[in-house]
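Everything below belongs to protein_5.pdb, which stores PDB, C-alpha atoms, pLDDT in the B column.
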ATOM      1  CA  MET A  22       0.000   0.000   0.000  1.00 71.00           C
ATOM      2  CA  ALA A  23       1.465   3.381  -1.052  1.00 89.00           C
ATOM      3  CA  VAL A  24       0.876   6.019   1.623  1.00 91.00           C
ATOM      4  CA  LYS A  25       0.601   9.715   0.803  1.00 92.00           C
ATOM      5  CA  ILE A  26       0.472  12.634   3.216  1.00 94.00           C
ATOM      6  CA  ARG A  27      -1.944  15.145   1.746  1.00 93.00           C
ATOM      7  CA  LEU A  28      -4.816  17.529   2.438  1.00 92.00           C
ATOM      8  CA  THR A  29      -8.431  16.473   2.863  1.00 93.00           C
ATOM      9  CA  ARG A  30     -11.127  19.149   2.697  1.00 92.00           C
ATOM     10  CA  THR A  31     -13.461  19.910   5.600  1.00 91.00           C
ATOM     11  CA  GLY A  32     -15.648  22.905   6.351  1.00 90.00           C
ATOM     12  CA  GLY A  33     -18.637  24.249   4.494  1.00 89.00           C
ATOM     13  CA  ARG A  34     -19.178  25.810   1.112  1.00 92.00           C
ATOM     14  CA  ASN A  35     -17.011  28.935   0.626  1.00 91.00           C
ATOM     15  CA  ASN A  36     -15.426  28.223   4.029  1.00 91.00           C
ATOM     16  CA  ALA A  37     -12.802  25.588   3.336  1.00 91.00           C
ATOM     17  CA  CYS A  38     -10.595  24.069   6.031  1.00 92.00           C
ATOM     18  CA  PHE A  39      -8.226  21.193   5.522  1.00 93.00           C
ATOM     19  CA  ARG A  40      -6.808  18.326   7.538  1.00 92.00           C
ATOM     20  CA  ILE A  41      -3.360  16.969   6.829  1.00 93.00           C
ATOM     21  CA  VAL A  42      -3.740  13.200   6.768  1.00 94.00           C
ATOM     22  CA  ALA A  43      -1.833  10.036   5.985  1.00 93.00           C
ATOM     23  CA  CYS A  44      -3.894   7.938   3.577  1.00 92.00           C
ATOM     24  CA  ASP A  45      -3.697   5.290   0.894  1.00 90.00           C
ATOM     25  CA  SER A  46      -2.790   6.954  -2.399  1.00 88.00           C
ATOM     26  CA  ARG A  47      -5.736   5.229  -4.133  1.00 89.00           C
ATOM     27  CA  SER A  48      -8.371   6.643  -1.774  1.00 87.00           C
ATOM     28  CA  PRO A  49     -10.409   9.724  -2.809  1.00 86.00           C
ATOM     29  CA  ARG A  50      -9.496  13.206  -1.564  1.00 86.00           C
ATOM     30  CA  ASP A  51     -12.095  13.251   1.226  1.00 85.00           C
ATOM     31  CA  GLY A  52     -12.146   9.467   1.655  1.00 87.00           C
ATOM     32  CA  ARG A  53     -10.830   7.147   4.325  1.00 87.00           C
ATOM     33  CA  PHE A  54      -7.529   8.051   5.975  1.00 88.00           C
ATOM     34  CA  ILE A  55      -5.112   6.333   8.315  1.00 92.00           C
ATOM     35  CA  GLU A  56      -4.128   9.150  10.684  1.00 92.00           C
ATOM     36  CA  ILE A  57      -4.685  12.902  11.136  1.00 93.00           C
ATOM     37  CA  LEU A  58      -1.337  14.741  11.186  1.00 93.00           C
ATOM     38  CA  GLY A  59      -2.434  18.387  11.401  1.00 93.00           C
ATOM     39  CA  TRP A  60      -4.742  21.073  10.031  1.00 92.00           C
ATOM     40  CA  TYR A  61      -4.662  24.046   7.646  1.00 91.00           C
ATOM     41  CA  ASP A  62      -7.072  27.002   7.602  1.00 91.00           C
ATOM     42  CA  PRO A  63      -6.493  29.306   4.599  1.00 90.00           C
ATOM     43  CA  ASN A  64      -8.946  31.891   5.976  1.00 90.00           C
ATOM     44  CA  ARG A  65      -6.811  32.672   9.043  1.00 88.00           C
ATOM     45  CA  GLU A  66      -4.168  35.384   9.166  1.00 88.00           C
ATOM     46  CA  GLY A  67      -0.652  34.624  10.440  1.00 85.00           C
ATOM     47  CA  GLN A  68      -0.213  31.112  11.842  1.00 86.00           C
ATOM     48  CA  ASN A  69      -2.831  29.261   9.780  1.00 87.00           C
ATOM     49  CA  PHE A  70      -1.617  25.659  10.077  1.00 90.00           C
ATOM     50  CA  GLU A  71      -0.345  23.186  12.646  1.00 90.00           C
ATOM     51  CA  LEU A  72       1.585  19.989  11.990  1.00 91.00           C
ATOM     52  CA  LYS A  73       2.626  17.054  14.130  1.00 91.00           C
ATOM     53  CA  LEU A  74       6.174  16.955  12.753  1.00 91.00           C
ATOM     54  CA  ASP A  75       7.230  13.916  14.768  1.00 91.00           C
ATOM     55  CA  LYS A  76       4.429  11.808  13.262  1.00 92.00           C
ATOM     56  CA  ILE A  77       5.110  13.169   9.759  1.00 91.00           C
ATOM     57  CA  GLU A  78       8.790  12.232  10.099  1.00 91.00           C
ATOM     58  CA  LYS A  79       7.765   8.739  11.229  1.00 92.00           C
ATOM     59  CA  TRP A  80       5.546   8.296   8.142  1.00 90.00           C
ATOM     60  CA  VAL A  81       8.190   9.670   5.770  1.00 91.00           C
ATOM     61  CA  GLY A  82      10.725   7.304   7.350  1.00 91.00           C
ATOM     62  CA  ASN A  83       8.346   4.441   6.558  1.00 90.00           C
ATOM     63  CA  GLY A  84       8.115   5.496   2.886  1.00 91.00           C
ATOM     64  CA  ALA A  85       5.172   7.920   2.728  1.00 91.00           C
ATOM     65  CA  GLN A  86       5.206  10.573  -0.009  1.00 92.00           C
ATOM     66  CA  LEU A  87       4.343  14.223   0.733  1.00 92.00           C
ATOM     67  CA  SER A  88       2.116  16.238  -1.589  1.00 92.00           C
ATOM     68  CA  ASP A  89       3.580  19.518  -2.869  1.00 93.00           C
ATOM     69  CA  THR A  90       1.405  21.649  -0.556  1.00 91.00           C
ATOM     70  CA  VAL A  91       2.178  19.582   2.535  1.00 92.00           C
ATOM     71  CA  ALA A  92       5.899  19.582   1.674  1.00 92.00           C
ATOM     72  CA  SER A  93       5.923  23.405   1.600  1.00 92.00           C
ATOM     73  CA  MET A  94       4.088  23.517   4.956  1.00 91.00           C
ATOM     74  CA  VAL A  95       6.620  21.132   6.482  1.00 91.00           C
ATOM     75  CA  ARG A  96       9.475  23.352   5.270  1.00 91.00           C
ATOM     76  CA  ARG A  97       7.804  26.432   6.796  1.00 90.00           C
ATOM     77  CA  ALA A  98       7.099  24.619  10.066  1.00 89.00           C
ATOM     78  CA  ARG A  99      10.704  23.428  10.382  1.00 89.00           C
ATOM     79  CA  ARG A 100      12.004  26.926   9.638  1.00 87.00           C
ATOM     80  CA  ASN A 101       9.764  28.488  12.312  1.00 82.00           C
ATOM     81  CA  GLN A 102      10.226  25.718  14.866  1.00 74.00           C
ATOM     82  CA  THR A 103      12.047  26.640  18.082  1.00 55.00           C
ATOM     83  CA  THR A 104      13.060  24.100  20.666  1.00 47.00           C
ATOM     84  CA  ILE A 105      12.686  24.780  24.339  1.00 44.00           C
ATOM     85  CA  ASP A 106      15.914  22.933  25.201  1.00 45.00           C
ATOM     86  CA  GLU A 107      18.139  25.414  23.388  1.00 52.00           C
ATOM     87  CA  PRO A 108      18.866  28.551  25.427  1.00 51.00           C
ATOM     88  CA  LEU A 109      18.270  31.848  23.707  1.00 47.00           C
ATOM     89  CA  GLU A 110      21.414  33.781  22.902  1.00 57.00           C
ATOM     90  CA  VAL A 111      21.548  37.121  24.677  1.00 49.00           C
ATOM     91  CA  PRO A 112      23.946  39.636  23.157  1.00 51.00           C
ATOM     92  CA  GLU A 113      26.472  41.000  25.592  1.00 57.00           C
ATOM     93  CA  ILE A 114      26.423  44.710  26.271  1.00 54.00           C
ATOM     94  CA  ALA A 115      29.872  46.194  25.683  1.00 55.00           C
ATOM     95  CA  GLU A 116      29.342  49.434  27.534  1.00 56.00           C
ATOM     96  CA  VAL A 117      26.896  50.629  30.113  1.00 54.00           C
ATOM     97  CA  VAL A 118      25.844  54.175  29.412  1.00 56.00           C
ATOM     98  CA  GLU A 119      24.969  56.214  32.474  1.00 63.00           C
ATOM     99  CA  VAL A 120      22.268  58.814  32.150  1.00 62.00           C
ATOM    100  CA  ALA A 121      22.982  62.002  34.069  1.00 62.00           C
ATOM    101  CA  GLU A 122      20.093  63.199  36.190  1.00 65.00           C
ATOM    102  CA  PRO A 123      19.401  66.952  36.242  1.00 60.00           C
ATOM    103  CA  GLU A 124      20.468  68.692  39.411  1.00 63.00           C
ATOM    104  CA  ALA A 125      17.789  70.251  41.608  1.00 59.00           C
ATOM    105  CA  ASP A 126      19.526  73.698  41.610  1.00 60.00           C
ATOM    106  CA  THR A 127      19.483  74.105  37.841  1.00 59.00           C
ATOM    107  CA  VAL A 128      15.715  73.698  37.477  1.00 58.00           C
ATOM    108  CA  GLU A 129      13.960  77.053  37.653  1.00 64.00           C
ATOM    109  CA  PRO A 130      10.457  77.177  39.095  1.00 62.00           C
ATOM    110  CA  ALA A 131       7.722  78.215  36.710  1.00 65.00           C
ATOM    111  CA  GLU A 132       6.270  81.689  37.109  1.00 71.00           C
ATOM    112  CA  GLU A 133       2.860  81.898  38.656  1.00 69.00           C
ATOM    113  CA  VAL A 134       0.289  83.395  36.344  1.00 67.00           C
ATOM    114  CA  GLU A 135      -2.750  85.096  37.813  1.00 70.00           C
ATOM    115  CA  ALA A 136      -6.086  84.116  36.405  1.00 63.00           C
ATOM    116  CA  PRO A 137      -8.134  86.957  34.915  1.00 64.00           C
ATOM    117  CA  ALA A 138     -10.819  88.287  37.219  1.00 63.00           C
ATOM    118  CA  VAL A 139     -14.321  87.167  36.411  1.00 61.00           C
ATOM    119  CA  ALA A 140     -17.055  89.745  36.828  1.00 60.00           C
ATOM    120  CA  GLU A 141     -19.525  88.491  39.386  1.00 62.00           C
ATOM    121  CA  LYS A 142     -23.205  88.823  38.649  1.00 63.00           C
ATOM    122  CA  ALA A 143     -25.388  90.086  41.416  1.00 61.00           C
ATOM    123  CA  GLU A 144     -28.096  87.669  42.216  1.00 66.00           C
ATOM    124  CA  GLU A 145     -31.519  89.203  41.829  1.00 67.00           C
ATOM    125  CA  PRO A 146     -34.266  87.947  44.120  1.00 68.00           C
ATOM    126  CA  VAL A 147     -37.000  86.043  42.341  1.00 69.00           C
ATOM    127  CA  ALA A 148     -40.415  87.669  42.947  1.00 63.00           C
TER     128      ALA A 148
END
Please rewrite the model in this file as structure tokens.
Amino acid sequence: MAVKIRLTRTGGRNNACFRIVACDSRSPRDGRFIEILGWYDPNREGQNFELKLDKIEKWVGNGAQLSDTVASMVRRARRNQTTIDEPLEVPEIAEVVEVAEPEADTVEPAEEVEAPAVAEKAEEPVA
């Protein structure tokens, strides 16, 4: 049995979503599959797919063939993959620059401005 890793369509009309599956190469596009290996949503912005790379590598090691679309997703996923075990490299700071604080004597107080006088209205008694 020749196994292919390809997309199978899910979702409604005009709202396509896809699963990445391992299936027999003779089965129809939306037919029976062996295992679900991820998903792809073309309507999302940014990160629009997720793959189980360890399972995909296991299938490829056993002779499965990737479709062109899935192969490009695997390349993108491997490029963007970060491992938790590797420590992030922090660049060393060569010099520490000290910022001088202004002295209290050099700051001049602001001048006080008087507000213009408002003419007061005399209250007239209501009859």
request  = Would you mind telling me which residue in A:Ala43, A:Ala23, A:Leu58, A:Ala92 lies nearest to Asp75 of chain A when using only C-alpha atoms?
outcome  =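 That would be A:Leu58, the residue with the smallest distance to Asp75 of chain A.
If only C-alpha atoms are the atoms counted, then among A:Asp89, A:Arg40, A:Gln68, A:Arg100 the closest residue to Glu56 of chain A is A:Arg40.
Take atom CA of Ile26 of chain A and atom CA of Leu87 of chain A: the distance between them is 4.9 Å.
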request  = Name every residue that the PyMOL selection byres ((chain A and resi 59) around 8) selects in this structure, writing the answer as JSON, numbers by chain with chains first and numbers rising.
outcome  = {"A": [40, 41, 42, 57, 58, 60, 61, 70, 71, 72, 73]}
request  = In Å, rounded to a single decimal, give me how far atom CA of Met94 of chain A is from atom CA of Asn35 of chain A.
outcome  = 22.2 Å
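Between Leu74 of chain A and the residues A:Pro49, A:Cys38, A:Phe54, A:Gln102, the shortest atom-to-atom distance, using only C-alpha atoms, involves A:Gln102.
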query = Do you have the atom CA of Gly82 of chain A-atom CA of Thr31 of chain A distance handy?
reply =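 So the two atoms, atom CA of Gly82 of chain A and atom CA of Thr31 of chain A, lie 27.3 Å apart.
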inquiry  = Counting all atoms listed in the file, I want the residues whose atoms come within 12 Å of (-3.1, 3.7, -7.0) in the file frame, returned as a ChimeraX atom specification.
reply    = /A:22-25,44-49
For the structure shown, which residues end up in the PyMOL selection byres ((chain A and resi 51) around 8)? Put them as a PDB file with C-alpha atoms, in the coordinates of the input, please?
ATOM      1  CA  THR A  29      -8.431  16.473   2.863  1.00 93.00           C
ATOM      2  CA  ARG A  30     -11.127  19.149   2.697  1.00 92.00           C
ATOM      3  CA  PRO A  49     -10.409   9.724  -2.809  1.00 86.00           C
ATOM      4  CA  ARG A  50      -9.496  13.206  -1.564  1.00 86.00           C
ATOM      5  CA  GLY A  52     -12.146   9.467   1.655  1.00 87.00           C
ATOM      6  CA  ARG A  53     -10.830   7.147   4.325  1.00 87.00           C
TER       7      ARG A  53
END
task = Can you work out which one of A:Glu135, A:Asn69, A:Ile55, A:Gly32 has the shortest atom-to-atom distance to Ala85 of chain A, counting all atoms listed in the file?
result = A:Ile55
